[in-house]
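Novice: Got a structure for you, questions after.
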Amino acid sequence: MNRTNIRIEQPSDYRKVEEITRKAFWNLYVPGANEHWLVHTMRSHEDYMPELSFVLEKEDEIIGSIHFTRAWITTPSGEEAPIVHFGPVCITPELHRQGYGRILITHAIEQAKNLGHRAIVLGGFTYHYHPYGFVGTKKYGVAMTDGKFYTGIMLLPLYEGALNGITGKIKLSDALTPDQSGLEAYDASFPPMEKLVLPHQADFVRAASELDDLLPAAGVP
Ligand SMILES: CC(C)(COP(=O)(O)OP(=O)(O)OC[C@H]1O[C@@H](n2cnc3c(N)ncnc32)[C@H](O)[C@@H]1OP(=O)(O)O)[C@@H](O)C(=O)NCCC(=O)NCCS
């Protein structure tokens with residue numbers, strides 16, 4: 001593998017990061033993509049965590065990025081236990097499945113751990129995140145906001161006993177659901193790419209709604 005470097009994202013990286021994000025997600029989960037708009041807007045949100053926003057460089061060129069926002073577990077008594085969320089994460093498509101994502105994600109997890117965070121929550125395909133120890137939130141008795149447990153909503157505690165005594169519901173930052181009204185004009189500032197309806201987009205719809213029926217939930221009668 002060629003020389004790689006990971007560093008905190010700088011404002012001068014923003015456009016390049018958004019270009020790669022757009023390319024990496026284009027037609028992947030929906031026709032077109034909105035993750036570049038998400039990255040673009042989340043940076044100015046109060047829940048954004050610049051100290052955990054990394055770019056991965058190969059031979060001094062940015063090839064991937066990862067972004068974190070604050071998240072919480074709301075316990076039955078109404079307390080909000082702070083955790084963190086990561087996503088979007090991406091590697092430029094020509095370099096997929098060559099170990100670069102693993103380098104970036106492993107680094108980001110280590111840094112979140114070093115900063116003393118309790119746990120990371122994220123949503124996505126299980127095959128992307130099980131290799132790092134993420135598992136469906138049901139194992140920890142933590143449901144999604146609708147009270148249901150999904151296989152694609154996963155948690156990774158960052159230290160021994162980090163989630164002891166903490167059950168409840170995930171609360172994600174509204175930085176993750178930006179107003180989409182600016183997306184079209186923003187997207188037009190990039191080179192045109194064709195939006196396509198593709199068969200694999202249905203996998204995402206299925207994965208995003210798959211309920212976790214396998215395990216009884218921890219701490220939930
Ligand atoms: C997800 C992503 C960041 C992974 O980066 P990557 O460099 O391709 O992944 P790696 O080569 O480091 O893979 C690490 C491990 O993850 C798993 N994995 C990654 N992509 C996978 C895939 N398409 N299918 C199954 N397992 C996969 C494998 O266990 C892999 O290890 P292996 O290759 O030794 O089997 C990258 O594919 C990407 O940018 N995808 C498009 C955007 C996206 O879907 N982001 C995630 C949702 S927010």
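Every chain in the structure tokens takes a letter, A first, then B, and so on in the order presented; its residues are numbered from 1, and the ligands are numbered from 1 following the presented order.
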Within 9 Å of ligand 1, counting only C-alpha atoms and all ligand atoms: which residues, as a PDB file with N, CA and C atoms, in the first residue's frame?
Specialist:
```
ATOM      1  N   ILE A  20     -15.184  14.214  -3.398  1.00  0.00           N
ATOM      2  CA  ILE A  20     -14.994  12.766  -3.208  1.00  0.00           C
ATOM      3  C   ILE A  20     -16.251  12.145  -2.611  1.00  0.00           C
ATOM      4  N   THR A  21     -16.847  12.859  -1.655  1.00  0.00           N
ATOM      5  CA  THR A  21     -18.069  12.342  -1.020  1.00  0.00           C
ATOM      6  C   THR A  21     -19.169  12.177  -2.069  1.00  0.00           C
ATOM      7  N   LYS A  23     -18.845  11.727  -5.298  1.00  0.00           N
ATOM      8  CA  LYS A  23     -18.497  10.624  -6.198  1.00  0.00           C
ATOM      9  C   LYS A  23     -18.707   9.265  -5.513  1.00  0.00           C
ATOM     10  N   ALA A  24     -18.303   9.178  -4.255  1.00  0.00           N
ATOM     11  CA  ALA A  24     -18.375   7.892  -3.545  1.00  0.00           C
ATOM     12  C   ALA A  24     -19.823   7.443  -3.334  1.00  0.00           C
ATOM     13  N   PHE A  25     -20.738   8.416  -3.135  1.00  0.00           N
ATOM     14  CA  PHE A  25     -22.122   8.054  -2.821  1.00  0.00           C
ATOM     15  C   PHE A  25     -23.053   8.122  -4.028  1.00  0.00           C
ATOM     16  N   TRP A  26     -22.527   8.621  -5.159  1.00  0.00           N
ATOM     17  CA  TRP A  26     -23.425   8.888  -6.291  1.00  0.00           C
ATOM     18  C   TRP A  26     -24.119   7.610  -6.763  1.00  0.00           C
ATOM     19  N   LEU A  28     -25.493   5.391  -5.242  1.00  0.00           N
ATOM     20  CA  LEU A  28     -25.228   4.213  -4.419  1.00  0.00           C
ATOM     21  C   LEU A  28     -26.475   3.802  -3.644  1.00  0.00           C
ATOM     22  N   TYR A  29     -27.047   4.740  -2.918  1.00  0.00           N
ATOM     23  CA  TYR A  29     -28.204   4.406  -2.083  1.00  0.00           C
ATOM     24  C   TYR A  29     -29.511   4.953  -2.649  1.00  0.00           C
ATOM     25  N   GLU A  35     -25.101  13.107   0.335  1.00  0.00           N
ATOM     26  CA  GLU A  35     -24.106  13.093   1.422  1.00  0.00           C
ATOM     27  C   GLU A  35     -23.124  14.258   1.335  1.00  0.00           C
ATOM     28  N   GLY A  64     -10.097  10.220   1.114  1.00  0.00           N
ATOM     29  CA  GLY A  64     -11.253   9.825   1.917  1.00  0.00           C
ATOM     30  C   GLY A  64     -11.440  10.742   3.107  1.00  0.00           C
ATOM     31  N   SER A  65     -12.607  10.622   3.742  1.00  0.00           N
ATOM     32  CA  SER A  65     -12.891  11.489   4.895  1.00  0.00           C
ATOM     33  C   SER A  65     -13.924  10.842   5.799  1.00  0.00           C
ATOM     34  N   ILE A  66     -13.948  11.344   7.032  1.00  0.00           N
ATOM     35  CA  ILE A  66     -14.924  10.862   8.022  1.00  0.00           C
ATOM     36  C   ILE A  66     -15.305  12.044   8.911  1.00  0.00           C
ATOM     37  N   PHE A  86     -20.619   8.745  13.812  1.00  0.00           N
ATOM     38  CA  PHE A  86     -19.856   9.090  12.613  1.00  0.00           C
ATOM     39  C   PHE A  86     -20.575   8.716  11.336  1.00  0.00           C
ATOM     40  N   GLY A  87     -20.321   9.536  10.352  1.00  0.00           N
ATOM     41  CA  GLY A  87     -20.885   9.390   9.020  1.00  0.00           C
ATOM     42  C   GLY A  87     -21.252  10.754   8.511  1.00  0.00           C
ATOM     43  N   PRO A  88     -21.120  10.994   7.218  1.00  0.00           N
ATOM     44  CA  PRO A  88     -20.642  10.028   6.247  1.00  0.00           C
ATOM     45  C   PRO A  88     -19.149   9.738   6.392  1.00  0.00           C
ATOM     46  N   VAL A  89     -18.796   8.506   5.971  1.00  0.00           N
ATOM     47  CA  VAL A  89     -17.392   8.143   5.793  1.00  0.00           C
ATOM     48  C   VAL A  89     -17.266   7.647   4.355  1.00  0.00           C
ATOM     49  N   CYS A  90     -16.218   8.014   3.703  1.00  0.00           N
ATOM     50  CA  CYS A  90     -16.050   7.504   2.330  1.00  0.00           C
ATOM     51  C   CYS A  90     -14.594   7.504   1.893  1.00  0.00           C
ATOM     52  N   ILE A  91     -14.359   6.660   0.914  1.00  0.00           N
ATOM     53  CA  ILE A  91     -13.081   6.551   0.217  1.00  0.00           C
ATOM     54  C   ILE A  91     -13.416   6.741  -1.264  1.00  0.00           C
ATOM     55  N   THR A  92     -12.523   7.393  -1.976  1.00  0.00           N
ATOM     56  CA  THR A  92     -12.775   7.620  -3.400  1.00  0.00           C
ATOM     57  C   THR A  92     -12.994   6.267  -4.112  1.00  0.00           C
ATOM     58  N   PRO A  93     -14.019   6.177  -4.982  1.00  0.00           N
ATOM     59  CA  PRO A  93     -14.466   4.872  -5.485  1.00  0.00           C
ATOM     60  C   PRO A  93     -13.384   4.024  -6.166  1.00  0.00           C
ATOM     61  N   LEU A  95     -10.595   3.429  -5.278  1.00  0.00           N
ATOM     62  CA  LEU A  95      -9.708   2.780  -4.301  1.00  0.00           C
ATOM     63  C   LEU A  95     -10.462   1.929  -3.273  1.00  0.00           C
ATOM     64  N   HIS A  96     -11.720   1.630  -3.588  1.00  0.00           N
ATOM     65  CA  HIS A  96     -12.483   0.822  -2.629  1.00  0.00           C
ATOM     66  C   HIS A  96     -11.879  -0.560  -2.480  1.00  0.00           C
ATOM     67  N   ARG A  97     -12.096  -1.098  -1.298  1.00  0.00           N
ATOM     68  CA  ARG A  97     -11.742  -2.481  -0.969  1.00  0.00           C
ATOM     69  C   ARG A  97     -10.248  -2.756  -1.081  1.00  0.00           C
ATOM     70  N   GLN A  98      -9.467  -1.724  -0.738  1.00  0.00           N
ATOM     71  CA  GLN A  98      -8.005  -1.910  -0.712  1.00  0.00           C
ATOM     72  C   GLN A  98      -7.445  -1.594   0.676  1.00  0.00           C
ATOM     73  N   GLY A  99      -8.348  -1.532   1.655  1.00  0.00           N
ATOM     74  CA  GLY A  99      -7.889  -1.351   3.027  1.00  0.00           C
ATOM     75  C   GLY A  99      -7.819   0.098   3.494  1.00  0.00           C
ATOM     76  N   TYR A 100      -8.147   1.062   2.627  1.00  0.00           N
ATOM     77  CA  TYR A 100      -8.031   2.470   3.033  1.00  0.00           C
ATOM     78  C   TYR A 100      -9.125   2.859   4.030  1.00  0.00           C
ATOM     79  N   GLY A 101     -10.336   2.359   3.794  1.00  0.00           N
ATOM     80  CA  GLY A 101     -11.424   2.652   4.732  1.00  0.00           C
ATOM     81  C   GLY A 101     -11.078   2.137   6.122  1.00  0.00           C
ATOM     82  N   ARG A 102     -10.482   0.960   6.161  1.00  0.00           N
ATOM     83  CA  ARG A 102     -10.108   0.375   7.454  1.00  0.00           C
ATOM     84  C   ARG A 102      -9.102   1.280   8.185  1.00  0.00           C
ATOM     85  N   ILE A 103      -8.142   1.812   7.457  1.00  0.00           N
ATOM     86  CA  ILE A 103      -7.135   2.693   8.069  1.00  0.00           C
ATOM     87  C   ILE A 103      -7.821   3.921   8.679  1.00  0.00           C
ATOM     88  N   LEU A 104      -8.720   4.517   7.901  1.00  0.00           N
ATOM     89  CA  LEU A 104      -9.383   5.753   8.333  1.00  0.00           C
ATOM     90  C   LEU A 104     -10.342   5.506   9.503  1.00  0.00           C
ATOM     91  N   ILE A 105     -11.150   4.471   9.379  1.00  0.00           N
ATOM     92  CA  ILE A 105     -12.147   4.195  10.419  1.00  0.00           C
ATOM     93  C   ILE A 105     -11.460   3.775  11.722  1.00  0.00           C
ATOM     94  N   LEU A 122     -23.851   4.556  14.756  1.00  0.00           N
ATOM     95  CA  LEU A 122     -23.913   4.873  13.322  1.00  0.00           C
ATOM     96  C   LEU A 122     -24.976   4.020  12.660  1.00  0.00           C
ATOM     97  N   GLY A 123     -25.291   4.393  11.446  1.00  0.00           N
ATOM     98  CA  GLY A 123     -26.240   3.628  10.642  1.00  0.00           C
ATOM     99  C   GLY A 123     -25.578   3.214   9.349  1.00  0.00           C
ATOM    100  N   GLY A 124     -25.822   1.983   8.931  1.00  0.00           N
ATOM    101  CA  GLY A 124     -25.235   1.556   7.659  1.00  0.00           C
ATOM    102  C   GLY A 124     -25.339   0.061   7.491  1.00  0.00           C
ATOM    103  N   PHE A 125     -24.663  -0.435   6.461  1.00  0.00           N
ATOM    104  CA  PHE A 125     -24.632  -1.876   6.214  1.00  0.00           C
ATOM    105  C   PHE A 125     -23.792  -2.556   7.296  1.00  0.00           C
ATOM    106  N   THR A 126     -24.309  -3.647   7.822  1.00  0.00           N
ATOM    107  CA  THR A 126     -23.582  -4.352   8.891  1.00  0.00           C
ATOM    108  C   THR A 126     -22.214  -4.813   8.398  1.00  0.00           C
ATOM    109  N   TYR A 127     -22.108  -5.197   7.122  1.00  0.00           N
ATOM    110  CA  TYR A 127     -20.809  -5.715   6.648  1.00  0.00           C
ATOM    111  C   TYR A 127     -19.736  -4.636   6.618  1.00  0.00           C
ATOM    112  N   HIS A 128     -20.121  -3.381   6.624  1.00  0.00           N
ATOM    113  CA  HIS A 128     -19.121  -2.314   6.689  1.00  0.00           C
ATOM    114  C   HIS A 128     -18.583  -2.125   8.104  1.00  0.00           C
ATOM    115  N   TYR A 129     -19.416  -2.406   9.125  1.00  0.00           N
ATOM    116  CA  TYR A 129     -19.045  -1.985  10.479  1.00  0.00           C
ATOM    117  C   TYR A 129     -18.862  -3.117  11.491  1.00  0.00           C
ATOM    118  N   HIS A 130     -19.394  -4.294  11.225  1.00  0.00           N
ATOM    119  CA  HIS A 130     -19.129  -5.415  12.146  1.00  0.00           C
ATOM    120  C   HIS A 130     -17.631  -5.688  12.288  1.00  0.00           C
ATOM    121  N   PRO A 131     -16.837  -5.508  11.208  1.00  0.00           N
ATOM    122  CA  PRO A 131     -15.394  -5.790  11.368  1.00  0.00           C
ATOM    123  C   PRO A 131     -14.708  -4.952  12.462  1.00  0.00           C
ATOM    124  N   TYR A 132     -15.331  -3.833  12.865  1.00  0.00           N
ATOM    125  CA  TYR A 132     -14.713  -2.980  13.898  1.00  0.00           C
ATOM    126  C   TYR A 132     -15.311  -3.223  15.278  1.00  0.00           C
TER     127      TYR A 132
END
```
Novice: Restrict the calculation to only C-alpha atoms, then for each residue of stretch 85-127 of chain A with any atom at most 10 Å from an atom of stretch 154-171 of chain A give the closest atom pair and their distance in Å to one decimal, rows by chain and rising residue number, as a Markdown table.
Specialist:
```
| residue | atom | partner | partner_atom | distance |
| --- | --- | --- | --- | --- |
| A:His85 | CA | A:Leu155 | CA | 9.2 |
| A:Ile109 | CA | A:Leu158 | CA | 8.0 |
| A:Glu110 | CA | A:Leu158 | CA | 8.6 |
| A:Ala112 | CA | A:Leu158 | CA | 7.9 |
| A:Lys113 | CA | A:Leu158 | CA | 5.6 |
| A:Asn114 | CA | A:Leu158 | CA | 9.1 |
| A:Gly116 | CA | A:Leu158 | CA | 8.1 |
| A:His117 | CA | A:Leu158 | CA | 6.8 |
| A:Arg118 | CA | A:Leu158 | CA | 5.5 |
| A:Ala119 | CA | A:Pro157 | CA | 4.1 |
| A:Ile120 | CA | A:Leu156 | CA | 5.2 |
| A:Val121 | CA | A:Leu155 | CA | 4.5 |
| A:Leu122 | CA | A:Met154 | CA | 5.5 |
| A:Gly123 | CA | A:Met154 | CA | 6.2 |
| A:Gly124 | CA | A:Met154 | CA | 8.0 |
| A:Phe125 | CA | A:Met154 | CA | 9.5 |
| A:Thr126 | CA | A:Met154 | CA | 8.0 |
```
Novice: Suppose we keep C-alpha atoms; can you now write the selection as a PDB file, in the first residue's frame?
Specialist:
```pdb
ATOM      1  CA  HIS A  85     -21.940   9.505  15.713  1.00  0.00           C
ATOM      2  CA  ILE A 109     -12.334   5.115  16.494  1.00  0.00           C
ATOM      3  CA  GLU A 110      -8.989   5.372  18.321  1.00  0.00           C
ATOM      4  CA  ALA A 112     -12.766   9.116  19.718  1.00  0.00           C
ATOM      5  CA  LYS A 113     -11.548   6.718  22.398  1.00  0.00           C
ATOM      6  CA  ASN A 114      -8.557   8.954  23.236  1.00  0.00           C
ATOM      7  CA  GLY A 116     -12.780   9.967  26.278  1.00  0.00           C
ATOM      8  CA  HIS A 117     -16.044   9.432  24.409  1.00  0.00           C
ATOM      9  CA  ARG A 118     -18.315   6.710  25.692  1.00  0.00           C
ATOM     10  CA  ALA A 119     -19.523   5.089  22.479  1.00  0.00           C
ATOM     11  CA  ILE A 120     -20.049   5.568  18.765  1.00  0.00           C
ATOM     12  CA  VAL A 121     -23.409   5.088  17.082  1.00  0.00           C
ATOM     13  CA  LEU A 122     -23.913   4.873  13.322  1.00  0.00           C
ATOM     14  CA  GLY A 123     -26.240   3.628  10.642  1.00  0.00           C
ATOM     15  CA  GLY A 124     -25.235   1.556   7.659  1.00  0.00           C
ATOM     16  CA  PHE A 125     -24.632  -1.876   6.214  1.00  0.00           C
ATOM     17  CA  THR A 126     -23.582  -4.352   8.891  1.00  0.00           C
TER      18      THR A 126
END
```
Novice: Using only C-alpha atoms, pick whichever of A:Leu211, A:Met49, A:Glu61, A:Asp187 has the shortest atom-to-atom distance to A:Val17.
Specialist: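 Residue with the minimum atom-to-atom distance to A:Val17: A:Glu61.
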Novice: Expressed in Å to a single decimal, how great is the separation between atom CA of A:Thr74 and atom CA of A:Arg206?
Specialist: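 Interatomic distance, atom CA of A:Thr74 to atom CA of A:Arg206: 26.6 Å.
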Novice: Within 7 Å of A:Pro82, counting only C-alpha atoms, which residues show up once you throw out same-chain ones fewer than 4 positions away? Write them as a ChimeraX atom specification, please.
Specialist: /A:71-73
Novice: Can I get the selection written as an mmCIF file, in the first residue's frame, with C-alpha atoms?
Specialist:
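again_33.cif, written as the output of this step:
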```cif
data_model
loop_
_atom_site.group_PDB
_atom_site.id
_atom_site.type_symbol
_atom_site.label_atom_id
_atom_site.label_comp_id
_atom_site.auth_asym_id
_atom_site.auth_seq_id
_atom_site.Cartn_x
_atom_site.Cartn_y
_atom_site.Cartn_z
ATOM 1 C CA ALA A 71 -25.354 12.100 19.690
ATOM 2 C CA TRP A 72 -27.045 10.911 22.875
ATOM 3 C CA ILE A 73 -28.760 7.997 24.526
#
```
